[in-house]
file coords39.pdb (PDB, C-alpha atoms, pLDDT in the B column)
ATOM      1  CA  MET A  60     125.764  80.221  91.362  1.00 77.00           C
ATOM      2  CA  GLY A  61     123.376  82.637  93.038  1.00 77.00           C
ATOM      3  CA  SER A  62     124.449  85.311  95.515  1.00 91.00           C
ATOM      4  CA  LEU A  63     122.954  87.208  98.428  1.00 94.00           C
ATOM      5  CA  HIS A  64     122.711  90.938  97.710  1.00 95.00           C
ATOM      6  CA  VAL A  65     121.982  93.190 100.706  1.00 96.00           C
ATOM      7  CA  LEU A  66     121.023  96.590  99.300  1.00 95.00           C
ATOM      8  CA  GLU A  67     122.266  99.259 101.693  1.00 91.00           C
ATOM      9  CA  HIS A  68     121.306 102.346  99.675  1.00 93.00           C
ATOM     10  CA  PRO A  69     120.522 105.259 102.041  1.00 95.00           C
ATOM     11  CA  LEU A  70     117.060 105.815 100.515  1.00 94.00           C
ATOM     12  CA  LEU A  71     116.188 102.157 101.003  1.00 94.00           C
ATOM     13  CA  GLN A  72     117.374 102.165 104.591  1.00 95.00           C
ATOM     14  CA  HIS A  73     115.452 105.356 105.382  1.00 96.00           C
ATOM     15  CA  LYS A  74     112.212 103.967 103.951  1.00 96.00           C
ATOM     16  CA  LEU A  75     112.778 100.648 105.731  1.00 96.00           C
ATOM     17  CA  SER A  76     112.921 102.520 109.047  1.00 96.00           C
ATOM     18  CA  ILE A  77     109.380 103.803 108.360  1.00 96.00           C
ATOM     19  CA  LEU A  78     108.136 100.270 107.659  1.00 95.00           C
ATOM     20  CA  ARG A  79     109.561  98.989 110.924  1.00 95.00           C
ATOM     21  CA  ASP A  80     107.805 101.659 113.000  1.00 95.00           C
ATOM     22  CA  LYS A  81     104.714 100.166 114.645  1.00 93.00           C
ATOM     23  CA  ASP A  82     102.964 103.551 114.408  1.00 94.00           C
ATOM     24  CA  THR A  83     103.148 103.695 110.587  1.00 94.00           C
ATOM     25  CA  GLY A  84      99.570 103.483 109.258  1.00 93.00           C
ATOM     26  CA  VAL A  85      98.230 101.202 106.527  1.00 93.00           C
ATOM     27  CA  LYS A  86      98.218 103.824 103.754  1.00 94.00           C
ATOM     28  CA  GLU A  87     101.784 104.955 104.371  1.00 95.00           C
ATOM     29  CA  PHE A  88     102.993 101.381 104.929  1.00 95.00           C
ATOM     30  CA  ARG A  89     101.520 100.275 101.600  1.00 95.00           C
ATOM     31  CA  GLU A  90     103.045 103.246  99.765  1.00 95.00           C
ATOM     32  CA  ILE A  91     106.484 102.694 101.292  1.00 96.00           C
ATOM     33  CA  VAL A  92     106.426  98.982 100.399  1.00 96.00           C
ATOM     34  CA  GLY A  93     105.841 100.070  96.788  1.00 95.00           C
ATOM     35  CA  GLU A  94     108.633 102.642  96.872  1.00 96.00           C
ATOM     36  CA  ILE A  95     111.104 100.144  98.372  1.00 96.00           C
ATOM     37  CA  SER A  96     110.081  97.544  95.766  1.00 96.00           C
ATOM     38  CA  ALA A  97     110.793 100.006  92.946  1.00 95.00           C
ATOM     39  CA  LEU A  98     114.226 100.859  94.352  1.00 95.00           C
ATOM     40  CA  MET A  99     115.033  97.176  94.824  1.00 95.00           C
ATOM     41  CA  CYS A 100     113.774  96.324  91.325  1.00 94.00           C
ATOM     42  CA  TYR A 101     116.142  98.936  89.907  1.00 92.00           C
ATOM     43  CA  GLU A 102     119.078  97.137  91.551  1.00 92.00           C
ATOM     44  CA  ALA A 103     117.882  93.576  90.944  1.00 92.00           C
ATOM     45  CA  THR A 104     117.434  94.164  87.193  1.00 91.00           C
ATOM     46  CA  ARG A 105     120.912  95.601  86.722  1.00 88.00           C
ATOM     47  CA  SER A 106     122.085  92.486  84.844  1.00 84.00           C
ATOM     48  CA  LEU A 107     119.161  92.246  82.404  1.00 84.00           C
ATOM     49  CA  PRO A 108     120.530  91.937  78.836  1.00 85.00           C
ATOM     50  CA  THR A 109     120.234  94.856  76.396  1.00 88.00           C
ATOM     51  CA  LYS A 110     120.695  95.255  72.663  1.00 91.00           C
ATOM     52  CA  GLU A 111     121.511  98.202  70.461  1.00 93.00           C
ATOM     53  CA  VAL A 112     118.845  99.730  68.220  1.00 94.00           C
ATOM     54  CA  GLU A 113     118.586 102.951  66.271  1.00 95.00           C
ATOM     55  CA  VAL A 114     116.026 105.684  66.922  1.00 94.00           C
ATOM     56  CA  GLU A 115     115.571 109.114  65.463  1.00 94.00           C
ATOM     57  CA  THR A 116     115.677 111.996  67.938  1.00 95.00           C
ATOM     58  CA  PRO A 117     114.342 115.453  66.977  1.00 95.00           C
ATOM     59  CA  ILE A 118     117.950 116.264  66.035  1.00 95.00           C
ATOM     60  CA  ALA A 119     119.550 113.146  64.512  1.00 95.00           C
ATOM     61  CA  LYS A 120     119.687 109.345  64.477  1.00 95.00           C
ATOM     62  CA  ALA A 121     121.021 107.765  67.665  1.00 96.00           C
ATOM     63  CA  LYS A 122     122.165 104.304  68.688  1.00 96.00           C
ATOM     64  CA  VAL A 123     120.465 103.379  71.985  1.00 95.00           C
ATOM     65  CA  ARG A 124     120.143 100.373  74.311  1.00 92.00           C
ATOM     66  CA  VAL A 125     116.866  98.546  74.928  1.00 89.00           C
ATOM     67  CA  LEU A 126     115.999  95.407  76.908  1.00 85.00           C
ATOM     68  CA  ALA A 127     116.767  92.275  74.915  1.00 81.00           C
ATOM     69  CA  GLY A 128     116.229  88.559  75.028  1.00 70.00           C
ATOM     70  CA  LYS A 129     114.392  87.177  78.042  1.00 68.00           C
ATOM     71  CA  LYS A 130     111.629  89.400  79.351  1.00 86.00           C
ATOM     72  CA  MET A 131     110.639  89.715  82.992  1.00 90.00           C
ATOM     73  CA  ALA A 132     107.935  87.971  84.966  1.00 95.00           C
ATOM     74  CA  ILE A 133     106.942  88.988  88.487  1.00 96.00           C
ATOM     75  CA  VAL A 134     105.527  86.283  90.756  1.00 97.00           C
ATOM     76  CA  PRO A 135     104.224  87.490  94.130  1.00 97.00           C
ATOM     77  CA  ILE A 136     103.733  84.941  96.889  1.00 96.00           C
ATOM     78  CA  LEU A 137     100.169  85.593  98.055  1.00 91.00           C
ATOM     79  CA  ARG A 138      99.127  87.620  99.752  1.00 87.00           C
ATOM     80  CA  ALA A 139     101.786  90.025 101.034  1.00 92.00           C
ATOM     81  CA  GLY A 140     103.785  89.792  97.794  1.00 94.00           C
ATOM     82  CA  LEU A 141     100.976  91.630  95.999  1.00 95.00           C
ATOM     83  CA  GLY A 142     102.102  94.824  97.726  1.00 94.00           C
ATOM     84  CA  MET A 143     105.348  94.775  95.742  1.00 96.00           C
ATOM     85  CA  VAL A 144     103.961  94.218  92.240  1.00 96.00           C
ATOM     86  CA  ASP A 145     102.468  97.514  91.020  1.00 95.00           C
ATOM     87  CA  SER A 146     105.601  99.614  91.484  1.00 94.00           C
ATOM     88  CA  MET A 147     107.669  97.003  89.619  1.00 95.00           C
ATOM     89  CA  ILE A 148     105.153  96.952  86.750  1.00 94.00           C
ATOM     90  CA  ASN A 149     105.448 100.743  86.557  1.00 94.00           C
ATOM     91  CA  LEU A 150     109.192 100.331  85.965  1.00 91.00           C
ATOM     92  CA  VAL A 151     108.874  97.397  83.535  1.00 90.00           C
ATOM     93  CA  PRO A 152     105.442  97.593  81.825  1.00 89.00           C
ATOM     94  CA  SER A 153     106.256  94.627  79.568  1.00 88.00           C
ATOM     95  CA  ALA A 154     106.622  92.291  82.558  1.00 92.00           C
ATOM     96  CA  LYS A 155     103.958  89.626  83.003  1.00 94.00           C
ATOM     97  CA  VAL A 156     102.610  88.603  86.392  1.00 96.00           C
ATOM     98  CA  GLY A 157     102.042  85.124  87.801  1.00 96.00           C
ATOM     99  CA  HIS A 158     100.574  84.330  91.213  1.00 97.00           C
ATOM    100  CA  ILE A 159     101.365  81.605  93.688  1.00 96.00           C
ATOM    101  CA  GLY A 160      99.494  80.941  96.920  1.00 94.00           C
ATOM    102  CA  LEU A 161     100.964  78.840  99.724  1.00 88.00           C
ATOM    103  CA  TYR A 162      99.869  78.151 103.281  1.00 81.00           C
ATOM    104  CA  ARG A 163     101.635  76.306 106.065  1.00 77.00           C
ATOM    105  CA  ASP A 164     100.092  72.985 107.089  1.00 75.00           C
ATOM    106  CA  PRO A 165      99.383  73.313 110.836  1.00 71.00           C
ATOM    107  CA  LYS A 166     100.495  69.739 111.531  1.00 75.00           C
ATOM    108  CA  THR A 167     103.527  69.251 109.301  1.00 73.00           C
ATOM    109  CA  HIS A 168     104.461  72.971 109.055  1.00 69.00           C
ATOM    110  CA  GLU A 169     105.234  72.314 105.399  1.00 78.00           C
ATOM    111  CA  PRO A 170     104.070  74.785 102.715  1.00 84.00           C
ATOM    112  CA  VAL A 171     101.017  73.643 100.729  1.00 87.00           C
ATOM    113  CA  GLU A 172     100.137  75.124  97.336  1.00 90.00           C
ATOM    114  CA  TYR A 173      96.535  76.354  97.069  1.00 92.00           C
ATOM    115  CA  TYR A 174      96.750  78.588  93.982  1.00 94.00           C
ATOM    116  CA  CYS A 175      99.104  78.847  91.030  1.00 94.00           C
ATOM    117  CA  LYS A 176      98.561  80.697  87.739  1.00 95.00           C
ATOM    118  CA  MET A 177     101.443  81.616  85.454  1.00 96.00           C
ATOM    119  CA  PRO A 178     101.899  83.292  82.052  1.00 94.00           C
ATOM    120  CA  PRO A 179     102.182  80.618  79.332  1.00 93.00           C
ATOM    121  CA  ASP A 180     105.737  81.678  78.409  1.00 92.00           C
ATOM    122  CA  ILE A 181     106.992  81.856  81.997  1.00 95.00           C
ATOM    123  CA  SER A 182     109.824  79.373  81.321  1.00 93.00           C
ATOM    124  CA  GLU A 183     111.354  81.816  78.821  1.00 91.00           C
ATOM    125  CA  ARG A 184     111.328  84.752  81.222  1.00 92.00           C
ATOM    126  CA  GLN A 185     113.570  86.080  83.959  1.00 92.00           C
ATOM    127  CA  VAL A 186     111.342  85.422  86.980  1.00 96.00           C
ATOM    128  CA  PHE A 187     111.339  87.644  90.067  1.00 97.00           C
ATOM    129  CA  ILE A 188     109.604  85.995  93.039  1.00 97.00           C
ATOM    130  CA  VAL A 189     108.559  88.729  95.472  1.00 97.00           C
ATOM    131  CA  ASP A 190     107.491  88.623  99.113  1.00 96.00           C
ATOM    132  CA  PRO A 191     108.208  91.294 101.752  1.00 95.00           C
ATOM    133  CA  MET A 192     109.517  88.788 104.307  1.00 95.00           C
ATOM    134  CA  LEU A 193     111.899  85.825 104.016  1.00 95.00           C
ATOM    135  CA  ALA A 194     111.392  84.162 107.403  1.00 93.00           C
ATOM    136  CA  THR A 195     111.808  80.372 107.562  1.00 91.00           C
ATOM    137  CA  GLY A 196     112.376  80.194 103.810  1.00 93.00           C
ATOM    138  CA  GLY A 197     109.798  77.409 103.448  1.00 92.00           C
ATOM    139  CA  SER A 198     107.316  79.266 101.243  1.00 93.00           C
ATOM    140  CA  ALA A 199     110.005  80.871  99.080  1.00 95.00           C
ATOM    141  CA  SER A 200     111.794  77.561  98.569  1.00 96.00           C
ATOM    142  CA  ALA A 201     108.507  75.827  97.695  1.00 95.00           C
ATOM    143  CA  ALA A 202     107.626  78.601  95.225  1.00 96.00           C
ATOM    144  CA  ILE A 203     111.016  78.285  93.534  1.00 97.00           C
ATOM    145  CA  GLN A 204     110.646  74.492  93.371  1.00 95.00           C
ATOM    146  CA  ILE A 205     107.172  74.764  91.790  1.00 95.00           C
ATOM    147  CA  LEU A 206     108.441  77.194  89.151  1.00 96.00           C
ATOM    148  CA  LYS A 207     111.363  74.923  88.341  1.00 96.00           C
ATOM    149  CA  GLU A 208     109.509  71.581  88.294  1.00 94.00           C
ATOM    150  CA  LYS A 209     106.059  72.523  87.011  1.00 94.00           C
ATOM    151  CA  TYR A 210     106.981  75.340  84.627  1.00 95.00           C
ATOM    152  CA  GLY A 211     110.607  74.708  83.684  1.00 95.00           C
ATOM    153  CA  CYS A 212     111.889  78.097  84.876  1.00 95.00           C
ATOM    154  CA  LYS A 213     115.661  78.405  84.870  1.00 92.00           C
ATOM    155  CA  ASN A 214     116.252  82.096  85.575  1.00 93.00           C
ATOM    156  CA  ILE A 215     114.840  82.920  89.009  1.00 96.00           C
ATOM    157  CA  THR A 216     115.597  85.792  91.377  1.00 96.00           C
ATOM    158  CA  LEU A 217     114.122  86.097  94.877  1.00 97.00           C
ATOM    159  CA  MET A 218     113.360  89.616  96.134  1.00 97.00           C
ATOM    160  CA  ASP A 219     112.440  90.253  99.795  1.00 97.00           C
ATOM    161  CA  ILE A 220     112.489  93.438 101.831  1.00 97.00           C
ATOM    162  CA  ILE A 221     113.610  91.808 105.105  1.00 96.00           C
ATOM    163  CA  ALA A 222     115.164  88.373 105.613  1.00 97.00           C
ATOM    164  CA  ALA A 223     116.058  86.221 108.592  1.00 96.00           C
ATOM    165  CA  PRO A 224     119.417  84.412 108.500  1.00 96.00           C
ATOM    166  CA  GLU A 225     117.530  81.103 108.779  1.00 95.00           C
ATOM    167  CA  GLY A 226     115.530  81.825 105.610  1.00 95.00           C
ATOM    168  CA  VAL A 227     118.596  82.905 103.665  1.00 96.00           C
ATOM    169  CA  ALA A 228     120.367  79.693 104.691  1.00 96.00           C
ATOM    170  CA  VAL A 229     117.458  77.552 103.459  1.00 96.00           C
ATOM    171  CA  ILE A 230     117.393  79.199 100.022  1.00 96.00           C
ATOM    172  CA  ARG A 231     121.180  79.050  99.667  1.00 96.00           C
ATOM    173  CA  ALA A 232     121.131  75.328 100.557  1.00 95.00           C
ATOM    174  CA  GLU A 233     118.096  74.249  98.513  1.00 96.00           C
ATOM    175  CA  HIS A 234     118.415  76.625  95.534  1.00 96.00           C
ATOM    176  CA  PRO A 235     122.047  77.733  95.253  1.00 95.00           C
ATOM    177  CA  ASP A 236     121.425  78.973  91.700  1.00 96.00           C
ATOM    178  CA  VAL A 237     118.952  81.666  92.821  1.00 96.00           C
ATOM    179  CA  ASP A 238     120.037  85.250  93.491  1.00 95.00           C
ATOM    180  CA  ILE A 239     118.531  86.798  96.634  1.00 97.00           C
ATOM    181  CA  PHE A 240     117.999  90.570  96.916  1.00 97.00           C
ATOM    182  CA  VAL A 241     117.067  92.023 100.318  1.00 97.00           C
ATOM    183  CA  ALA A 242     117.146  95.430 101.994  1.00 96.00           C
ATOM    184  CA  ALA A 243     118.148  93.926 105.354  1.00 96.00           C
ATOM    185  CA  VAL A 244     119.108  90.652 107.015  1.00 96.00           C
ATOM    186  CA  ASP A 245     117.770  90.808 110.565  1.00 96.00           C
ATOM    187  CA  GLU A 246     118.906  89.108 113.758  1.00 94.00           C
ATOM    188  CA  LYS A 247     116.859  85.895 113.966  1.00 94.00           C
ATOM    189  CA  LEU A 248     113.441  84.216 114.054  1.00 93.00           C
ATOM    190  CA  ASN A 249     111.501  84.069 117.301  1.00 92.00           C
ATOM    191  CA  GLU A 250     109.582  81.035 118.579  1.00 89.00           C
ATOM    192  CA  ASN A 251     106.589  81.992 116.394  1.00 86.00           C
ATOM    193  CA  ALA A 252     108.760  82.243 113.246  1.00 87.00           C
ATOM    194  CA  TYR A 253     108.493  86.045 113.154  1.00 90.00           C
ATOM    195  CA  ILE A 254     111.593  87.960 112.083  1.00 94.00           C
ATOM    196  CA  VAL A 255     113.277  89.892 114.943  1.00 95.00           C
ATOM    197  CA  PRO A 256     113.232  92.892 114.965  1.00 96.00           C
ATOM    198  CA  GLY A 257     111.351  92.721 111.653  1.00 93.00           C
ATOM    199  CA  LEU A 258     108.196  94.745 111.078  1.00 93.00           C
ATOM    200  CA  GLY A 259     105.389  92.419 112.184  1.00 89.00           C
ATOM    201  CA  ASP A 260     103.045  90.681 109.748  1.00 90.00           C
ATOM    202  CA  ALA A 261     103.603  92.346 106.373  1.00 91.00           C
ATOM    203  CA  GLY A 262     100.314  91.113 104.902  1.00 89.00           C
ATOM    204  CA  ASP A 263      98.286  92.446 107.814  1.00 89.00           C
ATOM    205  CA  ARG A 264     100.028  95.804 107.657  1.00 92.00           C
ATOM    206  CA  ILE A 265      99.652  96.136 103.865  1.00 93.00           C
ATOM    207  CA  PHE A 266      95.969  95.190 103.792  1.00 91.00           C
ATOM    208  CA  GLY A 267      94.900  96.551 107.172  1.00 86.00           C
ATOM    209  CA  THR A 268      93.817  93.179 108.565  1.00 85.00           C
ATOM    210  CA  LYS A 269      95.747  93.283 111.833  1.00 70.00           C
TER     211      LYS A 269
END
call {"tool": "encode", "arguments": {"input": "coords39.pdb", "output": "structure tokens"}}
result
Amino acid sequence: MGSLHVLEHPLLQHKLSILRDKDTGVKEFREIVGEISALMCYEATRSLPTKEVEVETPIAKAKVRVLAGKKMAIVPILRAGLGMVDSMINLVPSAKVGHIGLYRDPKTHEPVEYYCKMPPDISERQVFIVDPMLATGGSASAAIQILKEKYGCKNITLMDIIAAPEGVAVIRAEHPDVDIFVAAVDEKLNENAYIVPGLGDAGDRIFGTK
């Protein structure tokens, strides 16, 4: 059974305050998204399995722990999720990256897949789906469903910087096996499905398209 993990580390909360500020520029916003992603990745990977191996230090042989078993895969939801990838790769260089693109149908408001490319061994990996915002939960839930049905993934974690209660509820209801890691759960969604107080459109602020 998956759980909701709200990461309240002081460094995370401080950096999140910079993201929320409407006067934070594109360069700083992008850098802070990366820094937050690295801090969150550190927490979200705490349960990755390790095994004991032996190495030789300059002084003597030593028994040490290394990552074992299932390796990581990072799957950003395009396009804002791309802003979270590089800092995670820096922490776990062996991780592979898949991409999934979804847009919301203007009539049905349902997520529609327009791009999906995954590593061939994705089903054997611990998959981290990343997107700065978990708003309605529609895109995240659809991404999880695609990874489960199309690729046979069984070990999936969802990582978002800010979530709305509505989005969390959708993931908990539709994918109760998935762990959710967030830096904050905000108040609500507004009538335009923006998180309140949130930080605006994460994709626009990362790529300077606002």
call {"tool": "resolve_selection", "arguments": {"input": "coords39.pdb", "expression": "the PyMOL selection byres ((chain A and resi 218-235) around 8)", "output": "NGL selection string"}}
result
:A and (60-62 or 95-96 or 99 or 103 or 187-197 or 199-200 or 203 or 216-217 or 236-248 or 254-255 or 257)
call {"tool": "write_last_selection", "arguments": {"input": "coords39.pdb", "atoms": "C-alpha atoms", "output": "PDB file, keeping the file's coordinate frame"}}
result
ATOM      1  CA  MET A  60     125.764  80.221  91.362  1.00 77.00           C
ATOM      2  CA  GLY A  61     123.376  82.637  93.038  1.00 77.00           C
ATOM      3  CA  SER A  62     124.449  85.311  95.515  1.00 91.00           C
ATOM      4  CA  ILE A  95     111.104 100.144  98.372  1.00 96.00           C
ATOM      5  CA  SER A  96     110.081  97.544  95.766  1.00 96.00           C
ATOM      6  CA  MET A  99     115.033  97.176  94.824  1.00 95.00           C
ATOM      7  CA  ALA A 103     117.882  93.576  90.944  1.00 92.00           C
ATOM      8  CA  PHE A 187     111.339  87.644  90.067  1.00 97.00           C
ATOM      9  CA  ILE A 188     109.604  85.995  93.039  1.00 97.00           C
ATOM     10  CA  VAL A 189     108.559  88.729  95.472  1.00 97.00           C
ATOM     11  CA  ASP A 190     107.491  88.623  99.113  1.00 96.00           C
ATOM     12  CA  PRO A 191     108.208  91.294 101.752  1.00 95.00           C
ATOM     13  CA  MET A 192     109.517  88.788 104.307  1.00 95.00           C
ATOM     14  CA  LEU A 193     111.899  85.825 104.016  1.00 95.00           C
ATOM     15  CA  ALA A 194     111.392  84.162 107.403  1.00 93.00           C
ATOM     16  CA  THR A 195     111.808  80.372 107.562  1.00 91.00           C
ATOM     17  CA  GLY A 196     112.376  80.194 103.810  1.00 93.00           C
ATOM     18  CA  GLY A 197     109.798  77.409 103.448  1.00 92.00           C
ATOM     19  CA  ALA A 199     110.005  80.871  99.080  1.00 95.00           C
ATOM     20  CA  SER A 200     111.794  77.561  98.569  1.00 96.00           C
ATOM     21  CA  ILE A 203     111.016  78.285  93.534  1.00 97.00           C
ATOM     22  CA  THR A 216     115.597  85.792  91.377  1.00 96.00           C
ATOM     23  CA  LEU A 217     114.122  86.097  94.877  1.00 97.00           C
ATOM     24  CA  ASP A 236     121.425  78.973  91.700  1.00 96.00           C
ATOM     25  CA  VAL A 237     118.952  81.666  92.821  1.00 96.00           C
ATOM     26  CA  ASP A 238     120.037  85.250  93.491  1.00 95.00           C
ATOM     27  CA  ILE A 239     118.531  86.798  96.634  1.00 97.00           C
ATOM     28  CA  PHE A 240     117.999  90.570  96.916  1.00 97.00           C
ATOM     29  CA  VAL A 241     117.067  92.023 100.318  1.00 97.00           C
ATOM     30  CA  ALA A 242     117.146  95.430 101.994  1.00 96.00           C
ATOM     31  CA  ALA A 243     118.148  93.926 105.354  1.00 96.00           C
ATOM     32  CA  VAL A 244     119.108  90.652 107.015  1.00 96.00           C
ATOM     33  CA  ASP A 245     117.770  90.808 110.565  1.00 96.00           C
ATOM     34  CA  GLU A 246     118.906  89.108 113.758  1.00 94.00           C
ATOM     35  CA  LYS A 247     116.859  85.895 113.966  1.00 94.00           C
ATOM     36  CA  LEU A 248     113.441  84.216 114.054  1.00 93.00           C
ATOM     37  CA  ILE A 254     111.593  87.960 112.083  1.00 94.00           C
ATOM     38  CA  VAL A 255     113.277  89.892 114.943  1.00 95.00           C
ATOM     39  CA  GLY A 257     111.351  92.721 111.653  1.00 93.00           C
TER      40      GLY A 257
END
call {"tool": "residues_around", "arguments": {"input": "coords39.pdb", "residues": "Val125 of chain A", "least_positions_apart": "2", "cutoff": "8 Å", "atoms": "all atoms listed in the file", "output": "list in words"}}
result
Thr109, Lys110, Glu111, Val112, Val123 and Ala127 of chain A
call {"tool": "resolve_selection", "arguments": {"input": "coords39.pdb", "expression": "the PyMOL selection byres ((chain A and resi 143-146) around 12)", "output": "VMD selection string"}}
result
chain A and resid 88 to 101 132 to 142 147 to 152 154 to 158 187 to 192 218 to 220 261 to 262 265
call {"tool": "write_last_selection", "arguments": {"input": "coords39.pdb", "atoms": "C-alpha atoms", "output": "compact mmCIF listing (two decimals), keeping the file's coordinate frame"}}
result
# COMPACT_ATOMS: atom_id res chain seq x y z
CA PHE A 88 102.99 101.38 104.93
CA ARG A 89 101.52 100.28 101.60
CA GLU A 90 103.04 103.25 99.76
CA ILE A 91 106.48 102.69 101.29
CA VAL A 92 106.43 98.98 100.40
CA GLY A 93 105.84 100.07 96.79
CA GLU A 94 108.63 102.64 96.87
CA ILE A 95 111.10 100.14 98.37
CA SER A 96 110.08 97.54 95.77
CA ALA A 97 110.79 100.01 92.95
CA LEU A 98 114.23 100.86 94.35
CA MET A 99 115.03 97.18 94.82
CA CYS A 100 113.77 96.32 91.32
CA TYR A 101 116.14 98.94 89.91
CA ALA A 132 107.94 87.97 84.97
CA ILE A 133 106.94 88.99 88.49
CA VAL A 134 105.53 86.28 90.76
CA PRO A 135 104.22 87.49 94.13
CA ILE A 136 103.73 84.94 96.89
CA LEU A 137 100.17 85.59 98.06
CA ARG A 138 99.13 87.62 99.75
CA ALA A 139 101.79 90.02 101.03
CA GLY A 140 103.78 89.79 97.79
CA LEU A 141 100.98 91.63 96.00
CA GLY A 142 102.10 94.82 97.73
CA MET A 147 107.67 97.00 89.62
CA ILE A 148 105.15 96.95 86.75
CA ASN A 149 105.45 100.74 86.56
CA LEU A 150 109.19 100.33 85.96
CA VAL A 151 108.87 97.40 83.54
CA PRO A 152 105.44 97.59 81.82
CA ALA A 154 106.62 92.29 82.56
CA LYS A 155 103.96 89.63 83.00
CA VAL A 156 102.61 88.60 86.39
CA GLY A 157 102.04 85.12 87.80
CA HIS A 158 100.57 84.33 91.21
CA PHE A 187 111.34 87.64 90.07
CA ILE A 188 109.60 86.00 93.04
CA VAL A 189 108.56 88.73 95.47
CA ASP A 190 107.49 88.62 99.11
CA PRO A 191 108.21 91.29 101.75
CA MET A 192 109.52 88.79 104.31
CA MET A 218 113.36 89.62 96.13
CA ASP A 219 112.44 90.25 99.80
CA ILE A 220 112.49 93.44 101.83
CA ALA A 261 103.60 92.35 106.37
CA GLY A 262 100.31 91.11 104.90
CA ILE A 265 99.65 96.14 103.86
call {"tool": "atom_distance", "arguments": {"input": "coords39.pdb", "atom1": "atom CA of Ser153 of chain A", "atom2": "atom CA of Thr116 of chain A"}}
result
22.9 Å
call {"tool": "residues_around", "arguments": {"input": "coords39.pdb", "residues": "segment 169-172 of chain A", "least_positions_apart": "5", "cutoff": "7 Å", "atoms": "only C-alpha atoms", "output": "PyMOL selection string"}}
result
chain A and resi 160-164+197-198+201
call {"tool": "atom_distance", "arguments": {"input": "coords39.pdb", "atom1": "atom CA of Asp82 of chain A", "atom2": "atom CA of Pro256 of chain A"}}
result
14.8 Å
call {"tool": "axis_aligned_box", "arguments": {"input": "coords39.pdb", "around": "segment 107-119 of chain A", "padding_each_side": "6 Å", "output": "AutoDock Vina command-line options"}}
result
--center_x 117.9 --center_y 104.1 --center_z 73.5 --size_x 19.2 --size_y 36.3 --size_z 29.9
call {"tool": "closest_residue", "arguments": {"input": "coords39.pdb", "among": "A:Leu107, A:Arg184, A:Leu258, A:Glu113", "to": "Leu126 of chain A", "atoms": "all atoms listed in the file"}}
result
A:Leu107
call {"tool": "atom_distance", "arguments": {"input": "coords39.pdb", "atom1": "atom CA of Asn214 of chain A", "atom2": "atom CA of Val186 of chain A"}}
result
6.1 Å
call {"tool": "closest_residue", "arguments": {"input": "coords39.pdb", "among": "A:Cys212, A:Arg264, A:Lys130, A:Leu63", "to": "Glu87 of chain A", "atoms": "only C-alpha atoms"}}
result
A:Arg264
call {"tool": "residues_near_point", "arguments": {"input": "coords39.pdb", "point": "(109.5, 98.5, 111.9)", "cutoff": "8 Å", "atoms": "only C-alpha atoms", "output": "count of residues only"}}
result
11
call {"tool": "closest_residue", "arguments": {"input": "coords39.pdb", "among": "A:Cys175, A:Lys120, A:Glu183, A:Pro108", "to": "Lys209 of chain A", "atoms": "only C-alpha atoms"}}
result
A:Cys175
